[in-house]
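Asks: I'd like to ask some things about the structure below.
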Amino acid sequence: MAPSLTLRESLAADPLIGKYVDTSLSPPTPFGGKGEPRLIILGQDPTVKRKASRSAIKTVLNLDRPGALRHYLEKVCHALGLSLEKDIYATNYVNVFFKDPPASVKAPDILGIVKKYCLPPLRDELQTFPGVPILTLGQPLLRQIAGSQASALVRDYWGYNASWMQGKTEPFTHLPADSNDLQRKVFPFPHQPSANKLFYAQRIAGYLQYMKAKCFD
């Protein structure tokens, strides 16, 4: 990537995905709490389905204002003994808007193609907070950062078993630093809408206890 190009310009110039990049909107600003971050929350990209809403997104994950996602993450932080306003830094894997959400584009694989552009600067950004664990939001994002030998399914880290409704579950797990491209402890979470599904709703309290023990106790 040419040093003179911004990430947005580099993606727009890519022959495979350039036409999908929305160059009319400026990237949102990372969210930073008032204290030294103890947890990094990583989103996928800022593109929401409703085009009219995109220009109002000024901060990563809309954490500068009330909303369903902020409420979800506030509850997660509270369970971990953290404050969203003091202990969190939030950024995106791809901090560039697309003309349509990447998941709605069947081909090309937008998130896979942008990895070579986004991963190096993201690693540099995260180095500002050495050793701070990461909470990832959503399965498409997990698929991009999980190592080749690691599961790309969020449910597997939450102890999924095909017979979970009969009470059969597996141990909680996470991605250790040597099993993911971010080279940190990574705790995969479902995005806010999926968190309401019965499996995640029943498992979230246990997974948060597991995460707290691994990082903050």
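Labels for the structure tokens follow display order: chains A, B, ..., residues from 1 in each chain, ligands from 1.
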Within 6 Å of Pro133 (chain A), counting only C-alpha atoms, which residues show up once you throw out same-chain ones fewer than 4 positions away? Write them as a list of chain:residue names, please.
Replies: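 Once the nearby chain positions are removed, what remains is A:Leu39, A:Arg184, A:Lys185.
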Asks: Now that the selection is made, can you save its residues with C-alpha atoms as a PDB file, in the first residue's frame?
Replies:
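Everything below was put into again-v7.pdb:
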```
ATOM      1  CA  LEU A  39     -10.525  -4.118  26.911  1.00  0.00           C
ATOM      2  CA  ARG A 184      -3.877 -11.068  21.419  1.00  0.00           C
ATOM      3  CA  LYS A 185      -6.306 -12.963  23.582  1.00  0.00           C
TER       4      LYS A 185
END
```
Asks: Name all residues at most 8 Å from Ala150 (chain A) (count only C-alpha atoms; drop same-chain ones fewer than 2 positions away) and give them as a ChimeraX atom specification.
Replies: /A:146-148,152,175,179-180
Asks: Can you write out as JSON lines which residues of region 132-181 of chain A fall within 12 Å of region 103-114 of chain A, alongside each residue's closest atom pair and its distance in Å to one decimal, counting only C-alpha atoms and ordering rows by chain and ascending residue number?
Replies:
```
{"residue": "A:Gly138", "atom": "CA", "partner": "A:Ala103", "partner_atom": "CA", "distance": 11.3}
{"residue": "A:Gln139", "atom": "CA", "partner": "A:Ala103", "partner_atom": "CA", "distance": 10.7}
{"residue": "A:Pro140", "atom": "CA", "partner": "A:Ala103", "partner_atom": "CA", "distance": 8.0}
{"residue": "A:Leu141", "atom": "CA", "partner": "A:Leu111", "partner_atom": "CA", "distance": 8.1}
{"residue": "A:Leu142", "atom": "CA", "partner": "A:Leu111", "partner_atom": "CA", "distance": 10.9}
{"residue": "A:Arg143", "atom": "CA", "partner": "A:Gly112", "partner_atom": "CA", "distance": 9.0}
{"residue": "A:Gln144", "atom": "CA", "partner": "A:Gly112", "partner_atom": "CA", "distance": 6.7}
{"residue": "A:Ile145", "atom": "CA", "partner": "A:Gly112", "partner_atom": "CA", "distance": 10.0}
```
Asks: What would the file look like if the residues just selected were written as a PDB file, in the first residue's frame with N, CA, C and O atoms?
Replies:
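As written to disk, result_29.pdb reads:
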```
ATOM      1  N   GLY A 138     -19.330 -10.417  16.110  1.00  0.00           N
ATOM      2  CA  GLY A 138     -19.863 -11.003  14.898  1.00  0.00           C
ATOM      3  C   GLY A 138     -18.999 -12.092  14.290  1.00  0.00           C
ATOM      4  O   GLY A 138     -17.774 -12.091  14.406  1.00  0.00           O
ATOM      5  N   GLN A 139     -19.663 -13.004  13.604  1.00  0.00           N
ATOM      6  CA  GLN A 139     -18.978 -14.151  13.006  1.00  0.00           C
ATOM      7  C   GLN A 139     -18.184 -13.813  11.752  1.00  0.00           C
ATOM      8  O   GLN A 139     -17.081 -14.358  11.566  1.00  0.00           O
ATOM      9  N   PRO A 140     -18.652 -12.954  10.855  1.00  0.00           N
ATOM     10  CA  PRO A 140     -17.834 -12.615   9.679  1.00  0.00           C
ATOM     11  C   PRO A 140     -16.477 -12.032  10.060  1.00  0.00           C
ATOM     12  O   PRO A 140     -15.468 -12.330   9.415  1.00  0.00           O
ATOM     13  N   LEU A 141     -16.451 -11.225  11.118  1.00  0.00           N
ATOM     14  CA  LEU A 141     -15.182 -10.678  11.594  1.00  0.00           C
ATOM     15  C   LEU A 141     -14.303 -11.776  12.165  1.00  0.00           C
ATOM     16  O   LEU A 141     -13.097 -11.844  11.886  1.00  0.00           O
ATOM     17  N   LEU A 142     -14.876 -12.651  12.973  1.00  0.00           N
ATOM     18  CA  LEU A 142     -14.112 -13.766  13.546  1.00  0.00           C
ATOM     19  C   LEU A 142     -13.478 -14.598  12.442  1.00  0.00           C
ATOM     20  O   LEU A 142     -12.316 -15.027  12.558  1.00  0.00           O
ATOM     21  N   ARG A 143     -14.210 -14.814  11.368  1.00  0.00           N
ATOM     22  CA  ARG A 143     -13.699 -15.617  10.251  1.00  0.00           C
ATOM     23  C   ARG A 143     -12.425 -15.011   9.653  1.00  0.00           C
ATOM     24  O   ARG A 143     -11.545 -15.730   9.192  1.00  0.00           O
ATOM     25  N   GLN A 144     -12.310 -13.695   9.710  1.00  0.00           N
ATOM     26  CA  GLN A 144     -11.137 -13.030   9.138  1.00  0.00           C
ATOM     27  C   GLN A 144      -9.912 -13.099  10.031  1.00  0.00           C
ATOM     28  O   GLN A 144      -8.786 -13.128   9.549  1.00  0.00           O
ATOM     29  N   ILE A 145     -10.101 -13.127  11.331  1.00  0.00           N
ATOM     30  CA  ILE A 145      -8.941 -13.030  12.227  1.00  0.00           C
ATOM     31  C   ILE A 145      -8.553 -14.357  12.882  1.00  0.00           C
ATOM     32  O   ILE A 145      -7.457 -14.473  13.431  1.00  0.00           O
TER      33      ILE A 145
END
```
Asks: Just asking: which residues within region 1-54 of chain A are strand (DSSP E) according to DSSP, as a PyMOL selection string?
Replies: chain A and resi 31-32+39-43
Asks: Expressed in Å to a single decimal, how great is the separation between CA of Gln44 (chain A) and CA of Gln127 (chain A)?
Replies: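 So the answer is 18.7 Å.
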Asks: Have a look at A:Arg203, A:Gln192, A:Lys86, A:Leu208 and name the one nearest to Glu170 (chain A); count only C-alpha atoms.
Replies: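 Closest candidate: A:Arg203.
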